[in-house]
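K.L.:
Got a structure for you, input_37.cif, holding mmCIF, C-alpha atoms.
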```cif
data_structure
loop_
_atom_site.label_atom_id
_atom_site.label_comp_id
_atom_site.auth_asym_id
_atom_site.auth_seq_id
_atom_site.Cartn_x
_atom_site.Cartn_y
_atom_site.Cartn_z
CA MET A 265 102.86 -60.55 183.56
CA THR A 266 99.47 -60.42 185.22
CA ASP A 267 96.78 -62.44 183.46
CA MET A 268 93.64 -60.29 183.42
CA LEU A 269 91.47 -63.22 182.35
CA ALA A 270 92.61 -65.24 185.37
CA ILE A 271 91.64 -62.32 187.59
CA ALA A 272 88.26 -62.06 185.85
CA ALA A 273 87.64 -65.77 186.36
CA ALA A 274 88.71 -65.63 190.01
CA TRP A 275 86.44 -62.67 190.77
CA LYS A 276 83.55 -64.36 189.00
CA ALA A 277 84.14 -67.50 191.08
CA GLN A 278 83.92 -65.35 194.21
CA GLY A 279 80.42 -64.34 193.16
CA GLU A 280 81.29 -60.89 191.82
CA ASP A 281 79.58 -59.30 188.80
CA VAL A 282 82.48 -58.92 186.37
CA ALA A 283 83.06 -57.01 183.13
CA ILE A 284 86.05 -57.04 180.80
CA ALA A 285 87.29 -54.15 178.63
CA THR A 286 89.70 -54.85 175.77
CA VAL A 287 91.56 -52.45 173.46
CA VAL A 288 90.55 -53.69 169.99
CA GLU A 289 92.02 -50.98 167.77
CA THR A 290 94.50 -48.11 168.12
CA TRP A 291 95.64 -45.25 165.90
CA GLY A 292 98.58 -42.91 166.42
CA SER A 293 100.31 -42.73 169.75
CA SER A 294 98.13 -44.69 172.11
CA PRO A 295 99.72 -45.72 175.36
CA ARG A 296 98.53 -49.34 175.59
CA PRO A 297 98.74 -51.90 172.79
CA THR A 298 95.81 -53.72 171.20
CA GLY A 299 94.70 -56.59 173.42
CA SER A 300 95.32 -54.68 176.68
CA GLN A 301 92.60 -55.42 179.17
CA LEU A 302 90.89 -53.91 182.19
CA VAL A 303 88.73 -56.02 184.49
CA VAL A 304 86.14 -54.42 186.78
CA THR A 305 83.48 -55.60 189.19
CA LYS A 306 80.19 -53.97 190.03
CA SER A 307 81.44 -53.75 193.61
CA GLY A 308 84.25 -51.46 192.45
CA LYS A 309 87.31 -53.70 192.05
CA LEU A 310 89.55 -52.78 189.13
CA GLU A 311 92.67 -54.39 187.67
CA GLY A 312 94.63 -53.79 184.47
CA SER A 313 94.70 -50.87 182.06
CA VAL A 314 93.47 -49.82 178.62
CA SER A 315 95.20 -46.43 178.52
CA GLY A 316 97.76 -44.38 180.34
CA GLY A 317 94.97 -43.65 182.80
CA CYS A 318 93.13 -40.97 180.84
CA ILE A 319 90.06 -43.02 179.83
CA GLU A 320 90.10 -45.65 182.58
CA GLY A 321 87.22 -44.05 184.49
CA ALA A 322 84.94 -43.75 181.46
CA VAL A 323 85.74 -47.31 180.38
CA ALA A 324 85.10 -48.71 183.85
CA GLU A 325 81.75 -46.93 183.95
CA ALA A 326 80.72 -48.31 180.54
CA ALA A 327 81.93 -51.78 181.53
CA ILE A 328 79.77 -51.75 184.65
CA ALA A 329 76.84 -50.51 182.55
CA SER A 330 77.33 -53.59 180.33
CA ILE A 331 76.86 -55.80 183.40
CA ASP A 332 73.50 -54.14 184.03
CA SER A 333 72.36 -54.23 180.39
CA GLY A 334 73.80 -57.68 179.68
CA PHE A 335 75.08 -56.41 176.32
CA PRO A 336 78.59 -55.68 175.05
CA ARG A 337 79.52 -52.31 173.51
CA VAL A 338 82.28 -50.77 171.46
CA LEU A 339 83.60 -47.43 172.80
CA ASP A 340 85.51 -44.91 170.69
CA PHE A 341 87.99 -42.49 172.19
CA GLY A 342 90.04 -40.04 170.18
CA ILE A 343 90.78 -36.46 169.42
CA SER A 344 88.07 -36.28 166.78
CA ASN A 345 85.54 -37.35 169.36
CA GLU A 346 83.98 -34.66 171.55
CA GLN A 347 83.79 -37.00 174.49
CA ALA A 348 87.50 -37.52 174.27
CA TRP A 349 88.08 -33.84 174.96
CA GLU A 350 86.14 -34.31 178.14
CA VAL A 351 88.03 -37.38 179.29
CA GLY A 352 91.21 -36.02 177.75
CA LEU A 353 93.21 -38.44 175.61
CA ALA A 354 96.21 -36.16 175.98
CA CYS A 355 98.51 -38.31 173.87
CA GLY A 356 96.56 -37.42 170.74
CA GLY A 357 95.96 -41.06 169.86
CA LYS A 358 92.70 -42.86 169.23
CA VAL A 359 91.52 -46.12 170.74
CA LYS A 360 88.54 -48.41 170.34
CA VAL A 361 87.60 -50.41 173.42
CA PHE A 362 85.22 -53.40 173.59
CA VAL A 363 83.41 -53.78 176.91
CA GLU A 364 81.49 -56.93 177.81
CA PRO A 365 79.98 -58.57 180.85
CA LEU A 366 81.35 -61.95 181.95
CA THR A 367 78.22 -64.08 182.01
CA MET B 25 82.17 -63.23 177.39
CA LYS B 26 80.64 -66.46 178.55
CA SER B 27 82.32 -68.24 181.47
CA ALA B 28 82.50 -71.44 179.39
CA ALA B 29 84.36 -69.59 176.61
CA LEU B 30 86.75 -68.09 179.16
CA SER B 31 87.42 -71.55 180.64
CA ALA B 32 88.09 -73.01 177.18
CA LEU B 33 90.51 -70.19 176.39
CA GLN B 34 92.35 -70.58 179.70
CA ALA B 35 92.57 -74.37 179.21
CA ALA B 36 94.14 -73.89 175.76
CA ARG B 37 96.65 -71.42 177.17
CA ALA B 38 97.53 -73.72 180.08
CA ALA B 39 98.14 -76.51 177.55
CA LYS B 40 100.39 -74.09 175.58
CA ARG B 41 98.18 -74.52 172.53
CA PRO B 42 98.28 -71.46 170.23
CA VAL B 43 94.73 -70.11 169.87
CA VAL B 44 92.90 -66.99 168.79
CA PHE B 45 89.95 -65.67 170.76
CA ALA B 46 87.74 -64.02 168.13
CA THR B 47 85.01 -61.48 168.96
CA ARG B 48 82.46 -60.24 166.43
CA LEU B 49 82.23 -56.60 167.46
CA SER B 50 78.68 -56.05 166.17
CA ASP B 51 77.12 -58.41 168.71
CA GLY B 52 79.90 -59.79 170.91
CA HIS B 53 79.66 -63.34 169.51
CA GLN B 54 82.89 -65.17 170.38
CA ILE B 55 84.68 -68.27 169.16
CA LEU B 56 87.98 -69.96 169.85
CA LEU B 57 90.03 -70.52 166.68
CA PRO B 58 91.14 -72.66 164.95
CA ASP B 59 87.74 -74.35 164.82
CA ALA B 60 86.65 -76.74 162.08
CA ALA B 61 83.12 -75.38 162.39
CA ALA B 62 84.25 -71.78 161.65
CA SER B 63 84.65 -70.38 158.12
CA ASP B 64 87.90 -70.80 156.19
CA ALA B 65 88.35 -67.02 156.16
CA LEU B 66 88.19 -66.83 159.96
CA ASN B 67 90.58 -69.75 160.43
CA ALA B 68 93.02 -68.26 157.91
CA ALA B 69 92.89 -64.87 159.66
CA ALA B 70 93.52 -66.60 162.99
CA HIS B 71 96.52 -68.40 161.53
CA ARG B 72 97.97 -65.07 160.32
CA ALA B 73 97.35 -63.42 163.71
CA LEU B 74 99.24 -66.23 165.45
CA SER B 75 102.15 -66.22 163.05
CA ARG B 76 102.54 -62.46 163.57
CA ASP B 77 101.69 -62.59 167.27
CA GLU B 78 99.30 -59.75 166.52
CA ASN B 79 96.05 -58.64 168.14
CA ALA B 80 93.93 -56.70 165.65
CA THR B 81 90.46 -55.91 164.40
CA LYS B 82 89.96 -57.35 160.91
CA GLU B 83 87.16 -57.07 158.38
CA ILE B 84 86.17 -60.68 157.60
CA GLU B 85 83.20 -61.58 155.42
CA GLY B 86 81.67 -58.13 155.95
CA GLU B 87 81.98 -58.18 159.74
CA ALA B 88 84.52 -56.56 162.08
CA TRP B 89 86.21 -59.25 164.21
CA PHE B 90 88.70 -58.62 166.97
CA LEU B 91 91.30 -61.37 166.85
CA HIS B 92 93.18 -61.80 170.11
CA ALA B 93 96.19 -64.06 169.54
CA TYR B 94 97.29 -66.19 172.47
CA SER B 95 100.61 -67.74 171.55
CA PRO B 96 102.46 -69.85 174.09
CA PRO B 97 104.97 -67.74 176.04
CA VAL B 98 108.36 -67.03 174.50
CA ARG B 99 110.96 -69.33 176.09
CA LEU B 100 114.19 -67.96 177.49
CA VAL B 101 116.86 -70.60 178.04
CA ILE B 102 119.62 -69.47 180.40
CA VAL B 103 122.70 -71.67 180.41
CA GLY B 104 124.63 -71.22 183.64
CA ALA B 105 122.96 -70.90 187.02
CA VAL B 106 125.48 -68.22 187.90
CA HIS B 107 125.38 -64.89 189.72
CA ILE B 108 124.08 -62.94 186.69
CA ALA B 109 121.38 -65.57 186.16
CA GLN B 110 120.16 -64.79 189.67
CA SER B 111 119.49 -61.23 188.50
CA LEU B 112 118.28 -62.19 185.04
CA VAL B 113 115.63 -64.63 186.27
CA PRO B 114 113.62 -62.33 188.56
CA MET B 115 113.97 -59.43 186.10
CA SER B 116 112.62 -61.60 183.26
CA ALA B 117 109.59 -62.79 185.19
CA PRO B 118 107.38 -59.72 184.59
CA LEU B 119 108.05 -60.00 180.83
CA GLY B 120 105.84 -63.09 180.75
CA LEU B 121 108.57 -65.46 179.59
CA ASP B 122 108.83 -69.18 180.11
CA LEU B 123 112.20 -69.45 181.88
CA ILE B 124 114.47 -72.49 181.74
CA VAL B 125 117.80 -72.53 183.59
CA VAL B 126 120.32 -75.16 182.52
CA ASP B 127 123.36 -76.09 184.61
CA PRO B 128 124.74 -79.59 185.22
CA ARG B 129 126.48 -78.34 188.38
CA ARG B 130 123.84 -79.20 190.94
CA SER B 131 125.22 -76.91 193.60
CA PHE B 132 124.48 -73.99 191.26
CA ALA B 133 121.10 -74.98 189.85
CA THR B 134 119.16 -75.26 193.10
CA GLU B 135 115.55 -74.36 193.74
CA ASP B 136 116.65 -72.14 196.60
CA ARG B 137 118.65 -69.99 194.20
CA PHE B 138 116.08 -70.21 191.38
CA PRO B 139 112.51 -70.51 192.63
CA ASN B 140 109.64 -70.69 190.10
CA VAL B 141 111.69 -71.62 187.02
CA THR B 142 112.30 -74.87 185.17
CA LEU B 143 115.72 -76.18 186.24
CA MET B 144 117.58 -78.72 184.10
CA ASP B 145 120.76 -80.39 185.31
CA ASP B 146 121.49 -82.14 182.03
CA TRP B 147 124.68 -81.37 180.12
CA PRO B 148 123.84 -78.31 177.94
CA ASP B 149 123.74 -80.13 174.57
CA GLU B 150 121.44 -82.81 176.01
CA ALA B 151 119.29 -80.17 177.67
CA MET B 152 119.04 -78.26 174.37
CA ASP B 153 118.03 -81.43 172.53
CA LYS B 154 115.19 -81.86 175.02
CA ILE B 155 114.19 -78.19 174.82
CA ALA B 156 114.28 -78.16 170.98
CA PRO B 157 114.56 -74.35 170.54
CA ASP B 158 112.13 -72.94 167.96
CA SER B 159 111.49 -69.49 166.51
CA ARG B 160 109.92 -68.44 169.83
CA THR B 161 112.97 -69.40 171.90
CA ALA B 162 115.95 -67.31 173.03
CA VAL B 163 119.17 -68.83 174.34
CA ILE B 164 121.69 -67.01 176.53
CA THR B 165 124.88 -68.60 177.83
CA LEU B 166 126.42 -67.16 180.97
CA THR B 167 128.96 -69.70 182.27
CA HIS B 168 132.18 -68.35 180.63
CA ASP B 169 133.17 -72.02 180.54
CA PRO B 170 133.68 -73.40 177.01
CA LYS B 171 132.78 -76.93 178.00
CA LEU B 172 129.32 -75.69 179.07
CA ASP B 173 128.73 -72.71 176.76
CA ASP B 174 129.98 -74.25 173.51
CA PRO B 175 127.66 -77.28 173.34
CA ALA B 176 124.68 -75.03 174.11
CA LEU B 177 125.67 -72.50 171.43
CA ASP B 178 126.34 -75.28 168.93
CA ARG B 179 122.81 -76.59 169.40
CA ALA B 180 121.29 -73.10 169.43
CA LEU B 181 122.93 -72.32 166.08
CA ARG B 182 121.46 -75.47 164.61
CA SER B 183 117.98 -74.31 165.72
CA ASP B 184 115.58 -71.50 164.79
CA ALA B 185 116.19 -69.66 168.09
CA PHE B 186 115.46 -65.97 167.40
CA TYR B 187 118.00 -64.62 169.85
CA ILE B 188 121.29 -66.16 170.88
CA GLY B 189 123.56 -64.34 173.30
CA SER B 190 126.77 -65.26 175.03
CA LEU B 191 128.42 -63.55 177.98
CA GLY B 192 132.12 -62.85 177.78
CA SER B 193 134.63 -60.17 176.76
CA ARG B 194 135.44 -59.45 173.11
CA LYS B 195 138.58 -61.57 173.44
CA THR B 196 136.67 -64.47 174.99
CA HIS B 197 134.05 -64.15 172.30
CA ALA B 198 136.59 -64.21 169.46
CA ALA B 199 138.08 -67.42 170.86
CA ARG B 200 134.58 -68.85 171.22
CA LEU B 201 133.73 -68.08 167.58
CA ALA B 202 136.94 -69.80 166.45
CA ARG B 203 136.00 -72.94 168.38
CA LEU B 204 132.44 -72.92 166.96
CA ALA B 205 133.79 -72.38 163.44
CA ALA B 206 135.86 -75.53 163.96
CA LEU B 207 132.57 -77.33 164.65
CA GLY B 208 131.41 -76.35 161.16
CA HIS B 209 129.46 -73.13 161.73
CA ASP B 210 129.99 -70.56 158.98
CA GLU B 211 130.28 -66.81 159.38
CA ALA B 212 126.59 -66.12 158.81
CA ALA B 213 125.66 -68.61 161.51
CA LEU B 214 128.21 -67.22 163.94
CA ALA B 215 126.90 -63.69 163.34
CA ARG B 216 123.65 -64.79 165.01
CA ILE B 217 125.41 -64.88 168.38
CA LYS B 218 125.24 -61.58 170.22
CA GLY B 219 128.61 -61.35 171.90
CA PRO B 220 129.39 -59.73 174.17
CA VAL B 221 125.71 -60.18 174.98
CA GLY B 222 123.54 -57.16 175.81
CA LEU B 223 123.27 -53.52 174.80
CA ASP B 224 126.30 -51.40 175.56
CA ILE B 225 125.00 -49.32 178.46
CA GLY B 226 128.21 -49.52 180.47
CA ALA B 227 126.72 -52.14 182.78
CA VAL B 228 128.94 -53.10 185.71
CA SER B 229 126.92 -54.92 188.38
CA ALA B 230 125.05 -58.18 187.83
CA PRO B 231 121.58 -56.51 187.75
CA GLU B 232 122.89 -53.91 185.28
CA ILE B 233 124.27 -56.63 183.00
CA ALA B 234 120.93 -58.47 183.26
CA LEU B 235 119.16 -55.24 182.28
CA SER B 236 121.41 -54.77 179.23
CA ILE B 237 120.76 -58.39 178.15
CA LEU B 238 117.00 -58.05 178.53
CA ALA B 239 116.99 -54.74 176.64
CA GLU B 240 118.72 -56.40 173.69
CA PHE B 241 116.41 -59.39 173.93
CA VAL B 242 113.33 -57.13 173.76
CA ALA B 243 114.76 -55.25 170.77
CA TYR B 244 115.13 -58.55 168.94
CA ARG B 245 111.74 -59.79 169.94
CA ARG B 246 109.82 -56.65 169.02
CA ARG B 247 111.77 -55.05 166.21
CA ILE B 248 114.41 -57.03 164.48
CA GLY B 249 113.13 -60.57 164.60
CA GLN B 250 109.54 -60.20 163.45
CA THR B 251 108.71 -63.86 163.89
CA PRO B 252 108.26 -64.30 167.65
#
```
If you took the structure in this file and wrote it as structure tokens, what would it be?
P.N.:
Amino acid sequence: MTDMLAIAAAWKAQGEDVAIATVVETWGSSPRPTGSQLVVTKSGKLEGSVSGGCIEGAVAEAAIASIDSGFPRVLDFGISNEQAWEVGLACGGKVKVFVEPLT
Amino acid sequence: MKSAALSALQAARAAKRPVVFATRLSDGHQILLPDAAASDALNAAAHRALSRDENATKEIEGEAWFLHAYSPPVRLVIVGAVHIAQSLVPMSAPLGLDLIVVDPRRSFATEDRFPNVTLMDDWPDEAMDKIAPDSRTAVITLTHDPKLDDPALDRALRSDAFYIGSLGSRKTHAARLARLAALGHDEAALARIKGPVGLDIGAVSAPEIALSILAEFVAYRRRIGQTP
């Protein structure tokens, strides 16, 4: 089992700007359990997963934005959310994702 | 997440200390629990998260906290460094288990055959006494040899191991249960042993048998036994 936090620490040690996204709540049929993590760097590296792939891009973008702002954010994805139609959470589930910079 | 907090979390995990990494979602404030400086409510919630092995957002003292439980890995004790163990070990690795292979026959339990696992060449009952199986430990015997399997199963039954499996045909298993009954294990205790081990998927080859064992193990871990 790959340890996302070890990857985050290793990338940080290499001088990368790193952000971590974590699934903090799920409803219905969401593909990845609570606690699943995605680690990204400003340079474009990406490891891990917070969904079956449907919201990865949007999450990665928000995670990188958190590096620039220096502040964490909670993201909501779900069928009741208009943005979710755009990014397409096809499974019909809902997820809440916390994105934060590694400082 | 601050690098110092990440280092503290990783150090606790490396030391196999059960901890909860708590994040206040309103502002991203994070603490490692248990912590004497944190509120009783937070420490109690962390204790519950660990006992259920559950990651969840909880409302605590009017704030939403994400509690990420980091329990030490579930241990899988494999008795018998045999052919099926050679399939079981690499197939178990991605499941994030702490693998221990026990076999007093040194020609079987070699690092060449079993890289990256803990190998013990003690007699199975002595090995089990050292391992001290708890509610986050599974024990699977694979030797087919009563003088190796039986002492391991005897110790496993006297422990809180959440999954106990033993390889062997129905006939072999019936004889095994009779021997263990003679050691003083009652019917309820003996019913804890999955034998023949594994889900019935018609497995024939060693990797297929390993797959059927792991499938049953996961079912116990995730569904039936709620503790680990």
K.L.:
On this structure, which residues satisfy the PyMOL selection byres ((chain B and resi 240-247) around 12), written as a PyMOL selection string?
P.N.:
chain B and resi 76-78+98-101+112+116+119-121+159-164+185-190+216-225+233-239+248-252
K.L.:
Quick one: residues within 12 Å of (80.8, -50.4, 182.3) (file frame), counting all atoms listed in the file, please, as a short mmCIF file (atom, residue, chain, number, x, y, z; two decimals) with C-alpha atoms, in the coordinates of the input.
P.N.:
```cif
data_model
loop_
_atom_site.label_atom_id
_atom_site.label_comp_id
_atom_site.auth_asym_id
_atom_site.auth_seq_id
_atom_site.Cartn_x
_atom_site.Cartn_y
_atom_site.Cartn_z
CA ASP A 281 79.58 -59.30 188.80
CA VAL A 282 82.48 -58.92 186.37
CA ALA A 283 83.06 -57.01 183.13
CA ILE A 284 86.05 -57.04 180.80
CA ALA A 285 87.29 -54.15 178.63
CA THR A 286 89.70 -54.85 175.77
CA LEU A 302 90.89 -53.91 182.19
CA VAL A 303 88.73 -56.02 184.49
CA VAL A 304 86.14 -54.42 186.78
CA THR A 305 83.48 -55.60 189.19
CA LYS A 306 80.19 -53.97 190.03
CA SER A 307 81.44 -53.75 193.61
CA GLY A 308 84.25 -51.46 192.45
CA LEU A 310 89.55 -52.78 189.13
CA GLU A 320 90.10 -45.65 182.58
CA GLY A 321 87.22 -44.05 184.49
CA ALA A 322 84.94 -43.75 181.46
CA VAL A 323 85.74 -47.31 180.38
CA ALA A 324 85.10 -48.71 183.85
CA GLU A 325 81.75 -46.93 183.95
CA ALA A 326 80.72 -48.31 180.54
CA ALA A 327 81.93 -51.78 181.53
CA ILE A 328 79.77 -51.75 184.65
CA ALA A 329 76.84 -50.51 182.55
CA SER A 330 77.33 -53.59 180.33
CA ILE A 331 76.86 -55.80 183.40
CA ASP A 332 73.50 -54.14 184.03
CA SER A 333 72.36 -54.23 180.39
CA GLY A 334 73.80 -57.68 179.68
CA PHE A 335 75.08 -56.41 176.32
CA PRO A 336 78.59 -55.68 175.05
CA ARG A 337 79.52 -52.31 173.51
CA VAL A 338 82.28 -50.77 171.46
CA LEU A 339 83.60 -47.43 172.80
CA VAL A 361 87.60 -50.41 173.42
CA PHE A 362 85.22 -53.40 173.59
CA VAL A 363 83.41 -53.78 176.91
CA GLU A 364 81.49 -56.93 177.81
CA PRO A 365 79.98 -58.57 180.85
CA LEU A 366 81.35 -61.95 181.95
#
```
K.L.:
Can you work out which one of B:Ala65, B:Leu172, B:Ala80, B:Val44 has the shortest atom-to-atom distance to Trp291 of chain A, counting all atoms listed in the file?
P.N.:
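Of the candidates, the smallest distance to Trp291 of chain A is held by B:Ala80.
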K.L.:
Evaluate the PyMOL selection byres ((chain B) within 7 of (chain A)) against this structure - the residues, as a PyMOL selection string, please.
P.N.:
chain B and resi 25-27+52+79-81+90+92+118-120
K.L.:
What does the distance from atom CA of Ser63 of chain B to atom CA of Lys82 of chain B come to in Å, to one decimal?
P.N.:
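Between atom CA of Ser63 of chain B and atom CA of Lys82 of chain B the gap works out to 14.3 Å.
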K.L.:
I'd like a table as CSV: residues in segment 61-176 of chain B with an atom no more than 9 Å from segment 200-207 of chain B, each row giving the shortest atom pair and its distance in Å to one decimal, all atoms listed in the file counted, sorted by chain and rising residue number.
P.N.:
```
residue,atom,partner,partner_atom,distance
B:Pro170,CA,B:Arg200,CA,7.4
B:Asp173,CA,B:Arg200,CA,8.9
B:Asp174,CA,B:Leu204,CA,7.1
```
K.L.:
How far is it from atom CA of Leu214 of chain B to atom CA of Ala133 of chain B, in Å with one decimal?
P.N.:
28.0 Å
K.L.:
With the PyMOL selection byres ((chain B and resi 41) around 12) as the selection, what would be picked from this file? Answer as a PDB file with C-alpha atoms, in the frame of the given file, please.
P.N.:
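Now in part.pdb:
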```pdb
ATOM      1  CA  ALA B  32      88.090 -73.010 177.180  1.00  0.00           C
ATOM      2  CA  LEU B  33      90.510 -70.190 176.390  1.00  0.00           C
ATOM      3  CA  GLN B  34      92.350 -70.580 179.700  1.00  0.00           C
ATOM      4  CA  ALA B  35      92.570 -74.370 179.210  1.00  0.00           C
ATOM      5  CA  ALA B  36      94.140 -73.890 175.760  1.00  0.00           C
ATOM      6  CA  ARG B  37      96.650 -71.420 177.170  1.00  0.00           C
ATOM      7  CA  ALA B  38      97.530 -73.720 180.080  1.00  0.00           C
ATOM      8  CA  ALA B  39      98.140 -76.510 177.550  1.00  0.00           C
ATOM      9  CA  LYS B  40     100.390 -74.090 175.580  1.00  0.00           C
ATOM     10  CA  PRO B  42      98.280 -71.460 170.230  1.00  0.00           C
ATOM     11  CA  VAL B  43      94.730 -70.110 169.870  1.00  0.00           C
ATOM     12  CA  VAL B  44      92.900 -66.990 168.790  1.00  0.00           C
ATOM     13  CA  LEU B  56      87.980 -69.960 169.850  1.00  0.00           C
ATOM     14  CA  LEU B  57      90.030 -70.520 166.680  1.00  0.00           C
ATOM     15  CA  PRO B  58      91.140 -72.660 164.950  1.00  0.00           C
ATOM     16  CA  LEU B  74      99.240 -66.230 165.450  1.00  0.00           C
ATOM     17  CA  ALA B  93      96.190 -64.060 169.540  1.00  0.00           C
ATOM     18  CA  TYR B  94      97.290 -66.190 172.470  1.00  0.00           C
ATOM     19  CA  SER B  95     100.610 -67.740 171.550  1.00  0.00           C
ATOM     20  CA  PRO B  96     102.460 -69.850 174.090  1.00  0.00           C
ATOM     21  CA  PRO B  97     104.970 -67.740 176.040  1.00  0.00           C
TER      22      PRO B  97
END
```
K.L.:
So how far away is atom CA of Lys154 of chain B from atom CA of Ala109 of chain B, in Å?
P.N.:
20.7 Å
K.L.:
For Ala230 of chain B, which residue among B:Val141, B:Ile108, B:Ala117, B:Ala176 is the nearest when counting only C-alpha atoms?
P.N.:
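Once distances to Ala230 of chain B are computed over only C-alpha atoms, the minimum belongs to B:Ile108.
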K.L.:
Could you give me, as a ChimeraX atom specification, the residues within 8 Å of Val126 of chain B, counting all atoms listed in the file and dropping anything in the same chain fewer than 4 positions from it?
P.N.:
/B:101-105,133,143-148,151
K.L.:
Tell me which of B:Ile155, B:Ala62, B:Leu91, B:Leu181 sits closest to Leu49 of chain B, counting all atoms listed in the file.
P.N.:
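Among the listed residues, B:Leu91 lies closest to Leu49 of chain B.
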K.L.:
Neighbourhood query: residues within 7 Å of (95.7, -52.4, 184.1), file coordinates, counting all atoms listed in the file; return as a list in words.
P.N.:
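Residues close enough to count: Gln301, Leu302, Glu311, Gly312, Ser313 and Val314 of chain A.
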K.L.:
For segment 302-314 of chain A, which lacks atoms in the input, supply N, CA, C and O atoms and format the output as a PDB file, in the frame of the given file.
P.N.:
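Contents of out_22.pdb, as written:
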```pdb
ATOM      1  N   LEU A 302      91.243 -54.454 180.879  1.00  0.00           N
ATOM      2  CA  LEU A 302      90.890 -53.910 182.190  1.00  0.00           C
ATOM      3  C   LEU A 302      89.729 -54.766 182.681  1.00  0.00           C
ATOM      4  O   LEU A 302      88.816 -55.064 181.917  1.00  0.00           O
ATOM      5  N   VAL A 303      89.810 -55.206 183.922  1.00  0.00           N
ATOM      6  CA  VAL A 303      88.730 -56.020 184.490  1.00  0.00           C
ATOM      7  C   VAL A 303      88.125 -55.250 185.653  1.00  0.00           C
ATOM      8  O   VAL A 303      88.854 -54.713 186.496  1.00  0.00           O
ATOM      9  N   VAL A 304      86.808 -55.153 185.691  1.00  0.00           N
ATOM     10  CA  VAL A 304      86.140 -54.420 186.780  1.00  0.00           C
ATOM     11  C   VAL A 304      85.018 -55.285 187.363  1.00  0.00           C
ATOM     12  O   VAL A 304      84.527 -56.210 186.708  1.00  0.00           O
ATOM     13  N   THR A 305      84.655 -54.958 188.597  1.00  0.00           N
ATOM     14  CA  THR A 305      83.480 -55.600 189.190  1.00  0.00           C
ATOM     15  C   THR A 305      82.480 -54.506 189.550  1.00  0.00           C
ATOM     16  O   THR A 305      82.846 -53.339 189.712  1.00  0.00           O
ATOM     17  N   LYS A 306      81.237 -54.912 189.658  1.00  0.00           N
ATOM     18  CA  LYS A 306      80.190 -53.970 190.030  1.00  0.00           C
ATOM     19  C   LYS A 306      80.462 -53.391 191.417  1.00  0.00           C
ATOM     20  O   LYS A 306      80.106 -52.260 191.729  1.00  0.00           O
ATOM     21  N   SER A 307      81.141 -54.196 192.245  1.00  0.00           N
ATOM     22  CA  SER A 307      81.440 -53.750 193.610  1.00  0.00           C
ATOM     23  C   SER A 307      82.583 -52.740 193.648  1.00  0.00           C
ATOM     24  O   SER A 307      82.898 -52.206 194.710  1.00  0.00           O
ATOM     25  N   GLY A 308      83.234 -52.510 192.493  1.00  0.00           N
ATOM     26  CA  GLY A 308      84.250 -51.460 192.450  1.00  0.00           C
ATOM     27  C   GLY A 308      85.693 -51.923 192.379  1.00  0.00           C
ATOM     28  O   GLY A 308      86.616 -51.117 192.442  1.00  0.00           O
ATOM     29  N   LYS A 309      85.925 -53.236 192.224  1.00  0.00           N
ATOM     30  CA  LYS A 309      87.310 -53.700 192.050  1.00  0.00           C
ATOM     31  C   LYS A 309      87.755 -53.390 190.622  1.00  0.00           C
ATOM     32  O   LYS A 309      86.937 -53.439 189.697  1.00  0.00           O
ATOM     33  N   LEU A 310      89.041 -53.138 190.446  1.00  0.00           N
ATOM     34  CA  LEU A 310      89.550 -52.780 189.130  1.00  0.00           C
ATOM     35  C   LEU A 310      90.992 -53.254 189.006  1.00  0.00           C
ATOM     36  O   LEU A 310      91.794 -53.049 189.914  1.00  0.00           O
ATOM     37  N   GLU A 311      91.304 -53.918 187.908  1.00  0.00           N
ATOM     38  CA  GLU A 311      92.670 -54.390 187.670  1.00  0.00           C
ATOM     39  C   GLU A 311      92.976 -54.249 186.183  1.00  0.00           C
ATOM     40  O   GLU A 311      92.099 -54.440 185.352  1.00  0.00           O
ATOM     41  N   GLY A 312      94.220 -53.897 185.858  1.00  0.00           N
ATOM     42  CA  GLY A 312      94.630 -53.790 184.470  1.00  0.00           C
ATOM     43  C   GLY A 312      94.500 -52.372 183.950  1.00  0.00           C
ATOM     44  O   GLY A 312      94.230 -51.439 184.718  1.00  0.00           O
ATOM     45  N   SER A 313      94.672 -52.215 182.625  1.00  0.00           N
ATOM     46  CA  SER A 313      94.700 -50.870 182.060  1.00  0.00           C
ATOM     47  C   SER A 313      94.445 -50.909 180.558  1.00  0.00           C
ATOM     48  O   SER A 313      94.912 -51.798 179.864  1.00  0.00           O
ATOM     49  N   VAL A 314      93.685 -49.935 180.071  1.00  0.00           N
ATOM     50  CA  VAL A 314      93.470 -49.820 178.620  1.00  0.00           C
ATOM     51  C   VAL A 314      94.024 -48.505 178.078  1.00  0.00           C
ATOM     52  O   VAL A 314      93.900 -48.226 176.896  1.00  0.00           O
TER      53      VAL A 314
END
```
